[in-house]
Structure formats: C-alpha cells, structure tokens
Amino acid sequence: MPELPEVETTRRGIEPHVVGQPIQHVHVRQPMLRWPVTDGLAQALTGKVIRRVIRRAKYLLFETYDGRMMVHLGMSGSLRVLPREVAPEAHDHLDIVFANGTLLRYRDPRRFGSVFWLPGEESHVLLASLGPEPLDDGFDGEHLYRLAHRRKTAVKTFIMTNEIVVGVGNIYANEALFDAGISPVRQAGRISRDRYDALATAIKDVLSRAILAGGTTLRDFVREDGQPGYFRHDLRVYGRGGEDCVRCNTPLREVRVGQRSTVYCATCQR
DNA sequence: AGTTTAACCTGGGTGC
DNA sequence: TGCACCCAGGTTAAAC
C-alpha cells in the first residue's frame with residue numbers, strides 16, 4: 001500500500017478518534033505478520049491512554065504515557081475506525097477497543113505489515129537507520145546529490161532507499177521522476193546538483209498533493225472511514241505504461257527497475 | 001561497501 | 001470452470 005501519503009492520511013484520520021480514551025480490550029486474531037506480534041502487546045496496551053499518533057517514515061507510532069505501539073501497513077494494510085459491534089471479516093488481524101465503544105481495526109491481507117510494542121522510552125532497531133523525512137527542510141537536492149556521489153544504482157532505486165530518504169515508494173518514485181524530467185534508469189551518481197534540486201522539489205510536491213487527495217487507492221488501501229484516496233486520478237505515469245505521455249504524447253515505456261514496475265517517458269525524462 | 005536477489009503472503013487478473 | 005502463471009502501495013537478510 002501505503003506510501004507516505006497513505007500512512008499520513010491514516011494518521012490524520014485516526015488520531016482524533018483514538019486519543020484520550022482508555023483502551024478497554026485488545027484482540028489479536030492473527031499474530032503472524034511480517035514479524036510475529038508479541039504475546040505481551042495486548043496486556044501492555046490494555047488500560048493505557050494514547051497521547052498522540054505520530055508518523056516516522058511509513059511507521060505509525062501510537063504514543064501512550066508509558067511506551068508506544070509501532071504499526072507498519074506493509075503492502076496491503078489499512079486501519080479503520082468503526083463502532084465496536086462491527087463483526088470482523090477476513091484478514092482483520094487486530095482490534096483495539098476503547099472505553100467509549102470506538103474500535104480501531106487493523107486489516108492486512110498479505111500480512112507484510114507489523115505491530116510492535118515498545119516499552120518505556122525504547123526505540124526500535126527498524127527506526128535506527130532511517131533517512132530524513134522528505135517533507136522536512138532537512139531534505140533537499142544537496143542531500144541527494146551528496147549521498148549519490150559515485151553511486152551506480154538507478155536513481156529510482158536510490159530515492160526508494162530508506163537510508164537515503166523515507167516514504168518514497170513505487171508510485172511516487174515514478175511520479176516524482178516524471179515531474180523532474182529524470183530517467184528512472186539513470187545512475188544516481190551521474191545527475192547534476194541542479195537536477196537533484198528539481199527532484200527533491202518534485203518529491204515534496206507530489207507527496208504533498210497526494211496527502212491533500214487522501215492518498216492513492218489501487219486495491220487495498222482505505223482511509224480510516226473506509227473511503228478510498230483519490231490521487232489515483234492525478235497519476236501521470238504509474239499504471240499508464242503504453243499510454244501516451246501527458247506532456248509530449250509519446251507512448252510511455254514500462255520496464256523493471258529493482259524488481260519494481262517502472263513507467264517513464266523516454267522523451268521527457270533523461 | 002554497494003548492489004542485486006530471494007523471500008515473506010494473499011488475491012485478482014489473464015491466458016490456455 | 002479450472003488451473004497455472006504473473007502481478008501488486010514494502011522491506012529485510014543474504015548472496016554476490
């Protein structure tokens with residue numbers, strides 16, 4: 001699923017519903033996710049109050065006054081807010097029921113997501129080596145240009161690497177490279193500083209616009225209220241292989257880069 | 001150290 | 001209809 005805009009859309013949607021209410025009950029139906037949900041999670045959460053929900057990369061962190069829950073939505077995960085009486089369906093792996101009857105429900109058909117409990121002030125090794133947030137001021141063309149030095153990997157793979165910058169998945173990597181006019185297969189170390197400025201700007205722009213549209217729904221992703229995101233209508237290359245480029249009408253080329261489907265305009269993107 | 005590859009899992013679509 | 005095969009918003013660990 002879920003790249004940064006979808007995770008941020010989820011965060012904004014659920015936070016007002018889950019903050020301040022004591023957790024009454026936690027039900028883990030399927031602990032076998034990307035990593036097993038630990039036995040202690042339900043007990044640790046019960047009785048606690050969520051203070052706020054923050055996002056780091058594609059992780060959601062539900063902060064209590066003593067510890068926090070860390071959730072990743074993987075490829076097909078979603079979190080919805082429902083009344084507690086709604087019966088679970090297939091792939092509804094985790095329920096958190098609050099004292100006021102609100103239910104936070106985690107669904108993930110492919111089970112590539114994960115849920116951890118981090119006690120006290122503990123962090124997690126998966127958060128340790130993440131790069132900057134793309135929407136922060138600390139992320140810019142200079143950052144990309146510096147880290148790309150002498151790298152031979154394709155620039156698309158480069159910007160999808162979490163140690164370089166977080167939150168850029170396959171859809172938005174394709175889109176940002178189109179917007180910046182850069183070929184996805186160009187070696188990362190062979191791009192000028194000016195063009196990295198344009199790429200950083202394009203990444204910020206496409207992610208920001210996608211958040212405003214509530215993210216992109218291809219199949220599984222839904223917002224906290226079950227509604228899809230609408231950025232799909234704004235995609236200019238992703239999913240459009242063989243169709244005409246919106247800028248120059250040349251048929252868009254579709255190739256594989258780093259095992260991921262990649263669409264670009266060989267005329268507009270160099 | 002940088003880069004590539006296989007693996008985790010289910011479901012939907014396609015072609016025979 | 002059925003079956004085999006390919007594809008999908010991610011990420012890690014292991015192999016080159």
# chains A, B, ... in the order shown; residues from 1 in each chain; ligands from 1
call {"tool": "residues_around", "arguments": {"residues": "DA7 in chain B", "least_positions_apart": "6", "cutoff": "12 Å", "atoms": "only C-alpha atoms (C1' of nucleotides)", "output": "list in words"}}
result
Arg34 and Phe112 of chain A; DT11, DT12, DA13 and DA14 of chain C
call {"tool": "select_by_dssp", "arguments": {"residues": "range 62-192 of chain A", "states": "strand (DSSP E or B)", "output": "PyMOL selection string"}}
result
chain A and resi 62-64+68-72+78-83+92-98+102-107+114-118+154+187
call {"tool": "residues_around", "arguments": {"residues": "range 4-7 of chain C", "least_positions_apart": "6", "cutoff": "10 Å", "atoms": "only C-alpha atoms (C1' of nucleotides)", "output": "compact mmCIF listing (two decimals) with N, CA and C atoms (P, O5', C5', C4', C3', O3' and C1' of nucleotides), in the first residue's frame"}}
result
# COMPACT_ATOMS: atom_id res chain seq x y z
N SER A 261 7.89 -2.40 -11.04
CA SER A 261 7.44 -1.88 -12.32
C SER A 261 7.66 -0.37 -12.40
P DG B 12 -9.93 -11.25 -4.60
O5' DG B 12 -9.67 -10.45 -5.94
C5' DG B 12 -8.84 -9.28 -5.92
C4' DG B 12 -8.22 -9.10 -7.29
C3' DG B 12 -9.12 -9.53 -8.45
O3' DG B 12 -9.03 -8.56 -9.47
C1' DG B 12 -7.08 -10.69 -8.57
P DG B 13 -10.11 -8.58 -10.67
O5' DG B 13 -9.21 -8.79 -11.95
C5' DG B 13 -8.06 -7.97 -12.18
C4' DG B 13 -7.14 -8.69 -13.14
C3' DG B 13 -7.87 -9.24 -14.37
O3' DG B 13 -7.28 -8.69 -15.53
C1' DG B 13 -6.45 -10.88 -13.37
P DT B 14 -7.87 -9.03 -16.99
O5' DT B 14 -6.85 -10.12 -17.54
C5' DT B 14 -5.44 -9.89 -17.43
C4' DT B 14 -4.70 -11.07 -18.04
C3' DT B 14 -5.36 -11.64 -19.30
O3' DT B 14 -4.36 -11.96 -20.25
C1' DT B 14 -5.12 -13.34 -17.69
P DG B 15 -4.77 -12.10 -21.81
O5' DG B 15 -4.01 -13.41 -22.25
C5' DG B 15 -2.88 -13.88 -21.51
C4' DG B 15 -2.83 -15.39 -21.58
C3' DG B 15 -3.51 -15.99 -22.82
O3' DG B 15 -2.73 -17.09 -23.27
C1' DG B 15 -4.48 -16.91 -20.89
P DC B 16 -2.93 -17.72 -24.75
O5' DC B 16 -3.06 -19.27 -24.45
C5' DC B 16 -2.11 -19.93 -23.61
C4' DC B 16 -2.74 -21.17 -23.01
C3' DC B 16 -3.46 -22.06 -24.03
O3' DC B 16 -3.01 -23.39 -23.87
C1' DC B 16 -4.86 -21.64 -22.18
call {"tool": "closest_atom_pairs", "arguments": {"of": "chain A", "to": "chain C", "cutoff": "9 Å", "atoms": "only C-alpha atoms (C1' of nucleotides)", "output": "JSON lines"}}
result
{"residue": "A:Met1", "atom": "CA", "partner": "C:DG9", "partner_atom": "C1'", "distance": 2.9}
{"residue": "A:Pro2", "atom": "CA", "partner": "C:DG9", "partner_atom": "C1'", "distance": 4.4}
{"residue": "A:Glu3", "atom": "CA", "partner": "C:DG9", "partner_atom": "C1'", "distance": 5.6}
{"residue": "A:Glu6", "atom": "CA", "partner": "C:DG9", "partner_atom": "C1'", "distance": 8.3}
{"residue": "A:Leu73", "atom": "CA", "partner": "C:DG10", "partner_atom": "C1'", "distance": 8.7}
{"residue": "A:Gly74", "atom": "CA", "partner": "C:DG10", "partner_atom": "C1'", "distance": 5.4}
{"residue": "A:Met75", "atom": "CA", "partner": "C:DG10", "partner_atom": "C1'", "distance": 5.6}
{"residue": "A:Ser76", "atom": "CA", "partner": "C:DG9", "partner_atom": "C1'", "distance": 7.4}
{"residue": "A:Phe112", "atom": "CA", "partner": "C:DG10", "partner_atom": "C1'", "distance": 7.3}
{"residue": "A:Gly113", "atom": "CA", "partner": "C:DG10", "partner_atom": "C1'", "distance": 8.4}
{"residue": "A:Gly169", "atom": "CA", "partner": "C:DG9", "partner_atom": "C1'", "distance": 6.9}
{"residue": "A:Asn170", "atom": "CA", "partner": "C:DG9", "partner_atom": "C1'", "distance": 7.0}
{"residue": "A:Ile171", "atom": "CA", "partner": "C:DG9", "partner_atom": "C1'", "distance": 6.9}
{"residue": "A:Thr216", "atom": "CA", "partner": "C:DG9", "partner_atom": "C1'", "distance": 7.9}
{"residue": "A:Thr217", "atom": "CA", "partner": "C:DG9", "partner_atom": "C1'", "distance": 8.1}
{"residue": "A:Leu218", "atom": "CA", "partner": "C:DG9", "partner_atom": "C1'", "distance": 7.6}
{"residue": "A:Arg219", "atom": "CA", "partner": "C:DA8", "partner_atom": "C1'", "distance": 8.6}
{"residue": "A:Asp220", "atom": "CA", "partner": "C:DG9", "partner_atom": "C1'", "distance": 8.8}
{"residue": "A:Phe221", "atom": "CA", "partner": "C:DG9", "partner_atom": "C1'", "distance": 8.0}
call {"tool": "interface_residues", "arguments": {"of": "chain A", "to": "chain B", "cutoff": "10 Å", "atoms": "only C-alpha atoms (C1' of nucleotides)", "output": "PyMOL selection string"}}
result
chain A and resi 33-35+76+91+108-112+151-153+219+258-259
call {"tool": "write_last_selection", "arguments": {"atoms": "N, CA, C and O atoms", "output": "PDB file, in the first residue's frame"}}
result
ATOM      1  N   LEU A  33       2.355 -11.792  11.390  1.00  0.00           N
ATOM      2  CA  LEU A  33       2.551 -10.748  10.389  1.00  0.00           C
ATOM      3  C   LEU A  33       3.998 -10.826   9.898  1.00  0.00           C
ATOM      4  O   LEU A  33       4.631 -11.871   9.990  1.00  0.00           O
ATOM      5  N   ARG A  34       4.504  -9.729   9.348  1.00  0.00           N
ATOM      6  CA  ARG A  34       5.896  -9.711   8.861  1.00  0.00           C
ATOM      7  C   ARG A  34       6.832 -10.183   9.958  1.00  0.00           C
ATOM      8  O   ARG A  34       7.776 -10.904   9.728  1.00  0.00           O
ATOM      9  N   TRP A  35       6.568  -9.700  11.167  1.00  0.00           N
ATOM     10  CA  TRP A  35       7.188 -10.252  12.371  1.00  0.00           C
ATOM     11  C   TRP A  35       6.065 -10.587  13.325  1.00  0.00           C
ATOM     12  O   TRP A  35       5.041  -9.890  13.343  1.00  0.00           O
ATOM     13  N   SER A  76      -0.498  -4.081   1.931  1.00  0.00           N
ATOM     14  CA  SER A  76      -1.961  -4.164   1.788  1.00  0.00           C
ATOM     15  C   SER A  76      -2.704  -3.823   3.072  1.00  0.00           C
ATOM     16  O   SER A  76      -3.879  -4.126   3.210  1.00  0.00           O
ATOM     17  N   HIS A  91      -8.959 -11.346   7.271  1.00  0.00           N
ATOM     18  CA  HIS A  91      -7.732 -10.554   7.331  1.00  0.00           C
ATOM     19  C   HIS A  91      -7.807  -9.388   8.311  1.00  0.00           C
ATOM     20  O   HIS A  91      -6.950  -8.517   8.285  1.00  0.00           O
ATOM     21  N   ASP A 108      -4.935  -6.616   7.002  1.00  0.00           N
ATOM     22  CA  ASP A 108      -3.765  -6.707   6.130  1.00  0.00           C
ATOM     23  C   ASP A 108      -3.725  -8.069   5.434  1.00  0.00           C
ATOM     24  O   ASP A 108      -3.112  -9.021   5.938  1.00  0.00           O
ATOM     25  N   PRO A 109      -4.372  -8.186   4.264  1.00  0.00           N
ATOM     26  CA  PRO A 109      -4.452  -9.484   3.584  1.00  0.00           C
ATOM     27  C   PRO A 109      -3.094 -10.149   3.369  1.00  0.00           C
ATOM     28  O   PRO A 109      -2.948 -11.351   3.583  1.00  0.00           O
ATOM     29  N   ARG A 110      -2.113  -9.397   2.962  1.00  0.00           N
ATOM     30  CA  ARG A 110      -0.832 -10.044   2.635  1.00  0.00           C
ATOM     31  C   ARG A 110       0.070 -10.225   3.849  1.00  0.00           C
ATOM     32  O   ARG A 110       1.102 -10.884   3.760  1.00  0.00           O
ATOM     33  N   ARG A 111      -0.264  -9.589   4.931  1.00  0.00           N
ATOM     34  CA  ARG A 111       0.488  -9.733   6.189  1.00  0.00           C
ATOM     35  C   ARG A 111       1.954  -9.341   6.063  1.00  0.00           C
ATOM     36  O   ARG A 111       2.827  -9.960   6.674  1.00  0.00           O
ATOM     37  N   PHE A 112       2.228  -8.341   5.234  1.00  0.00           N
ATOM     38  CA  PHE A 112       3.581  -7.797   5.183  1.00  0.00           C
ATOM     39  C   PHE A 112       3.766  -6.687   6.214  1.00  0.00           C
ATOM     40  O   PHE A 112       4.861  -6.166   6.385  1.00  0.00           O
ATOM     41  N   ARG A 151      27.581   6.680  -6.800  1.00  0.00           N
ATOM     42  CA  ARG A 151      26.672   5.522  -6.778  1.00  0.00           C
ATOM     43  C   ARG A 151      26.243   5.158  -8.200  1.00  0.00           C
ATOM     44  O   ARG A 151      25.872   6.021  -8.986  1.00  0.00           O
ATOM     45  N   LYS A 152      26.240   3.869  -8.459  1.00  0.00           N
ATOM     46  CA  LYS A 152      25.883   3.412  -9.796  1.00  0.00           C
ATOM     47  C   LYS A 152      24.453   2.908  -9.881  1.00  0.00           C
ATOM     48  O   LYS A 152      23.934   2.632 -10.957  1.00  0.00           O
ATOM     49  N   THR A 153      23.808   2.763  -8.753  1.00  0.00           N
ATOM     50  CA  THR A 153      22.452   2.253  -8.746  1.00  0.00           C
ATOM     51  C   THR A 153      21.507   3.231  -9.467  1.00  0.00           C
ATOM     52  O   THR A 153      21.776   4.426  -9.537  1.00  0.00           O
ATOM     53  N   ARG A 219      -6.001  -0.871  -4.633  1.00  0.00           N
ATOM     54  CA  ARG A 219      -6.744  -2.073  -4.318  1.00  0.00           C
ATOM     55  C   ARG A 219      -7.162  -2.096  -2.859  1.00  0.00           C
ATOM     56  O   ARG A 219      -8.324  -1.969  -2.532  1.00  0.00           O
ATOM     57  N   GLY A 258      14.953  -2.703 -10.263  1.00  0.00           N
ATOM     58  CA  GLY A 258      14.971  -3.229  -8.901  1.00  0.00           C
ATOM     59  C   GLY A 258      13.724  -4.019  -8.560  1.00  0.00           C
ATOM     60  O   GLY A 258      13.149  -3.836  -7.494  1.00  0.00           O
ATOM     61  N   GLN A 259      13.296  -4.867  -9.464  1.00  0.00           N
ATOM     62  CA  GLN A 259      12.140  -5.758  -9.279  1.00  0.00           C
ATOM     63  C   GLN A 259      10.807  -5.029  -9.255  1.00  0.00           C
ATOM     64  O   GLN A 259       9.770  -5.637  -9.007  1.00  0.00           O
TER      65      GLN A 259
END
call {"tool": "atom_distance", "arguments": {"atom1": "CA of Thr262 in chain A", "atom2": "CA of Arg209 in chain A"}}
result
20.7 Å
call {"tool": "select_by_dssp", "arguments": {"residues": "range 55-251 of chain A", "states": "alpha helix (DSSP H)", "output": "ChimeraX atom specification"}}
result
/A:125-128,141-148,155-159,170-180,193-212
call {"tool": "decode", "arguments": {"residues": "chain C", "atoms": "N, CA, C and O atoms (P, O5', C5', C4', C3', O3' and C1' of nucleotides)", "output": "PDB file, in the first residue's frame"}}
result
ATOM      1  P    DT C   1     -19.874 -21.837 -13.541  1.00  0.00           P
ATOM      2  O5'  DT C   1     -18.787 -22.937 -13.618  1.00  0.00           O
ATOM      3  C5'  DT C   1     -17.683 -22.858 -14.512  1.00  0.00           C
ATOM      4  C4'  DT C   1     -16.831 -24.029 -14.111  1.00  0.00           C
ATOM      5  C3'  DT C   1     -15.944 -23.734 -12.905  1.00  0.00           C
ATOM      6  O3'  DT C   1     -15.668 -24.970 -12.266  1.00  0.00           O
ATOM      7  C1'  DT C   1     -14.661 -23.850 -14.874  1.00  0.00           C
ATOM      8  P    DG C   2     -14.632 -25.115 -11.101  1.00  0.00           P
ATOM      9  O5'  DG C   2     -13.251 -25.311 -11.880  1.00  0.00           O
ATOM     10  C5'  DG C   2     -13.123 -26.405 -12.780  1.00  0.00           C
ATOM     11  C4'  DG C   2     -11.650 -26.642 -13.023  1.00  0.00           C
ATOM     12  C3'  DG C   2     -10.742 -26.264 -11.847  1.00  0.00           C
ATOM     13  O3'  DG C   2      -9.666 -27.199 -11.793  1.00  0.00           O
ATOM     14  C1'  DG C   2     -10.208 -24.915 -13.704  1.00  0.00           C
ATOM     15  P    DC C   3      -8.640 -27.211 -10.637  1.00  0.00           P
ATOM     16  O5'  DC C   3      -7.319 -26.752 -11.394  1.00  0.00           O
ATOM     17  C5'  DC C   3      -6.987 -27.344 -12.650  1.00  0.00           C
ATOM     18  C4'  DC C   3      -5.794 -26.604 -13.226  1.00  0.00           C
ATOM     19  C3'  DC C   3      -4.783 -26.153 -12.168  1.00  0.00           C
ATOM     20  O3'  DC C   3      -3.474 -26.375 -12.645  1.00  0.00           O
ATOM     21  C1'  DC C   3      -5.509 -24.300 -13.430  1.00  0.00           C
ATOM     22  P    DA C   4      -2.224 -26.365 -11.655  1.00  0.00           P
ATOM     23  O5'  DA C   4      -1.089 -25.762 -12.578  1.00  0.00           O
ATOM     24  C5'  DA C   4      -1.241 -25.770 -14.001  1.00  0.00           C
ATOM     25  C4'  DA C   4      -0.583 -24.522 -14.556  1.00  0.00           C
ATOM     26  C3'  DA C   4       0.563 -23.988 -13.700  1.00  0.00           C
ATOM     27  O3'  DA C   4       1.637 -23.646 -14.552  1.00  0.00           O
ATOM     28  C1'  DA C   4      -1.052 -22.296 -13.999  1.00  0.00           C
ATOM     29  P    DC C   5       3.062 -23.205 -13.961  1.00  0.00           P
ATOM     30  O5'  DC C   5       2.990 -21.629 -14.139  1.00  0.00           O
ATOM     31  C5'  DC C   5       2.720 -21.087 -15.439  1.00  0.00           C
ATOM     32  C4'  DC C   5       2.404 -19.616 -15.313  1.00  0.00           C
ATOM     33  C3'  DC C   5       3.399 -18.847 -14.439  1.00  0.00           C
ATOM     34  O3'  DC C   5       4.089 -17.910 -15.249  1.00  0.00           O
ATOM     35  C1'  DC C   5       1.146 -18.213 -14.004  1.00  0.00           C
ATOM     36  P    DC C   6       5.281 -17.062 -14.620  1.00  0.00           P
ATOM     37  O5'  DC C   6       4.587 -15.628 -14.494  1.00  0.00           O
ATOM     38  C5'  DC C   6       3.951 -15.044 -15.643  1.00  0.00           C
ATOM     39  C4'  DC C   6       3.302 -13.742 -15.228  1.00  0.00           C
ATOM     40  C3'  DC C   6       4.198 -12.876 -14.338  1.00  0.00           C
ATOM     41  O3'  DC C   6       4.203 -11.533 -14.802  1.00  0.00           O
ATOM     42  C1'  DC C   6       2.126 -13.258 -13.272  1.00  0.00           C
ATOM     43  P    DC C   7       5.230 -10.501 -14.105  1.00  0.00           P
ATOM     44  O5'  DC C   7       4.242  -9.565 -13.267  1.00  0.00           O
ATOM     45  C5'  DC C   7       3.147  -8.900 -13.897  1.00  0.00           C
ATOM     46  C4'  DC C   7       2.258  -8.336 -12.813  1.00  0.00           C
ATOM     47  C3'  DC C   7       3.056  -7.635 -11.704  1.00  0.00           C
ATOM     48  O3'  DC C   7       2.966  -6.225 -11.827  1.00  0.00           O
ATOM     49  C1'  DC C   7       1.371  -9.102 -10.818  1.00  0.00           C
ATOM     50  P    DA C   8       3.909  -5.334 -10.886  1.00  0.00           P
ATOM     51  O5'  DA C   8       2.982  -5.102  -9.597  1.00  0.00           O
ATOM     52  C5'  DA C   8       1.782  -4.358  -9.698  1.00  0.00           C
ATOM     53  C4'  DA C   8       1.088  -4.340  -8.342  1.00  0.00           C
ATOM     54  C3'  DA C   8       2.053  -4.085  -7.173  1.00  0.00           C
ATOM     55  O3'  DA C   8       2.125  -2.683  -6.918  1.00  0.00           O
ATOM     56  C1'  DA C   8       0.576  -5.905  -6.701  1.00  0.00           C
ATOM     57  P    DG C   9       3.498  -1.945  -7.042  1.00  0.00           P
ATOM     58  O5'  DG C   9       3.505  -0.863  -5.891  1.00  0.00           O
ATOM     59  C5'  DG C   9       2.375  -0.433  -5.220  1.00  0.00           C
ATOM     60  C4'  DG C   9       2.841   0.575  -4.154  1.00  0.00           C
ATOM     61  C3'  DG C   9       3.420  -0.064  -2.905  1.00  0.00           C
ATOM     62  O3'  DG C   9       4.221   0.918  -2.282  1.00  0.00           O
ATOM     63  C1'  DG C   9       1.401   0.942  -2.358  1.00  0.00           C
ATOM     64  P    DG C  10       5.678   0.612  -1.913  1.00  0.00           P
ATOM     65  O5'  DG C  10       5.507  -0.641  -0.942  1.00  0.00           O
ATOM     66  C5'  DG C  10       4.885  -0.479   0.316  1.00  0.00           C
ATOM     67  C4'  DG C  10       5.739  -1.054   1.421  1.00  0.00           C
ATOM     68  C3'  DG C  10       7.155  -0.467   1.488  1.00  0.00           C
ATOM     69  O3'  DG C  10       7.434  -0.223   2.855  1.00  0.00           O
ATOM     70  C1'  DG C  10       7.262  -2.827   1.236  1.00  0.00           C
ATOM     71  P    DT C  11       8.762   0.511   3.338  1.00  0.00           P
ATOM     72  O5'  DT C  11       9.729  -0.703   3.651  1.00  0.00           O
ATOM     73  C5'  DT C  11       9.326  -1.578   4.689  1.00  0.00           C
ATOM     74  C4'  DT C  11      10.243  -2.753   4.752  1.00  0.00           C
ATOM     75  C3'  DT C  11      11.727  -2.386   4.813  1.00  0.00           C
ATOM     76  O3'  DT C  11      12.192  -2.826   6.057  1.00  0.00           O
ATOM     77  C1'  DT C  11      11.301  -4.203   3.342  1.00  0.00           C
ATOM     78  P    DT C  12      13.649  -2.563   6.592  1.00  0.00           P
ATOM     79  O5'  DT C  12      14.181  -4.046   6.808  1.00  0.00           O
ATOM     80  C5'  DT C  12      13.291  -4.997   7.357  1.00  0.00           C
ATOM     81  C4'  DT C  12      13.822  -6.383   7.078  1.00  0.00           C
ATOM     82  C3'  DT C  12      15.310  -6.544   7.357  1.00  0.00           C
ATOM     83  O3'  DT C  12      15.485  -7.697   8.127  1.00  0.00           O
ATOM     84  C1'  DT C  12      14.800  -7.268   5.156  1.00  0.00           C
ATOM     85  P    DA C  13      16.767  -7.960   8.969  1.00  0.00           P
ATOM     86  O5'  DA C  13      17.407  -9.186   8.181  1.00  0.00           O
ATOM     87  C5'  DA C  13      16.610 -10.339   7.944  1.00  0.00           C
ATOM     88  C4'  DA C  13      17.340 -11.230   6.974  1.00  0.00           C
ATOM     89  C3'  DA C  13      18.834 -11.366   7.259  1.00  0.00           C
ATOM     90  O3'  DA C  13      19.170 -12.733   7.188  1.00  0.00           O
ATOM     91  C1'  DA C  13      18.503 -10.597   5.046  1.00  0.00           C
ATOM     92  P    DA C  14      20.657 -13.268   7.407  1.00  0.00           P
ATOM     93  O5'  DA C  14      21.020 -13.832   5.965  1.00  0.00           O
ATOM     94  C5'  DA C  14      19.999 -14.432   5.171  1.00  0.00           C
ATOM     95  C4'  DA C  14      20.505 -14.578   3.756  1.00  0.00           C
ATOM     96  C3'  DA C  14      21.994 -14.926   3.665  1.00  0.00           C
ATOM     97  O3'  DA C  14      22.159 -15.950   2.703  1.00  0.00           O
ATOM     98  C1'  DA C  14      21.542 -12.969   2.420  1.00  0.00           C
ATOM     99  P    DA C  15      23.580 -16.592   2.398  1.00  0.00           P
ATOM    100  O5'  DA C  15      23.797 -16.188   0.880  1.00  0.00           O
ATOM    101  C5'  DA C  15      22.720 -16.280  -0.036  1.00  0.00           C
ATOM    102  C4'  DA C  15      23.091 -15.563  -1.321  1.00  0.00           C
ATOM    103  C3'  DA C  15      24.515 -15.873  -1.789  1.00  0.00           C
ATOM    104  O3'  DA C  15      24.480 -16.149  -3.180  1.00  0.00           O
ATOM    105  C1'  DA C  15      24.212 -13.531  -1.575  1.00  0.00           C
ATOM    106  P    DC C  16      25.803 -16.683  -3.917  1.00  0.00           P
ATOM    107  O5'  DC C  16      26.513 -15.353  -4.413  1.00  0.00           O
ATOM    108  C5'  DC C  16      26.598 -15.095  -5.806  1.00  0.00           C
ATOM    109  C4'  DC C  16      26.683 -13.599  -6.044  1.00  0.00           C
ATOM    110  C3'  DC C  16      28.032 -13.158  -6.601  1.00  0.00           C
ATOM    111  O3'  DC C  16      27.850 -12.794  -7.952  1.00  0.00           O
ATOM    112  C1'  DC C  16      27.190 -11.641  -4.970  1.00  0.00           C
TER     113       DC C  16
END
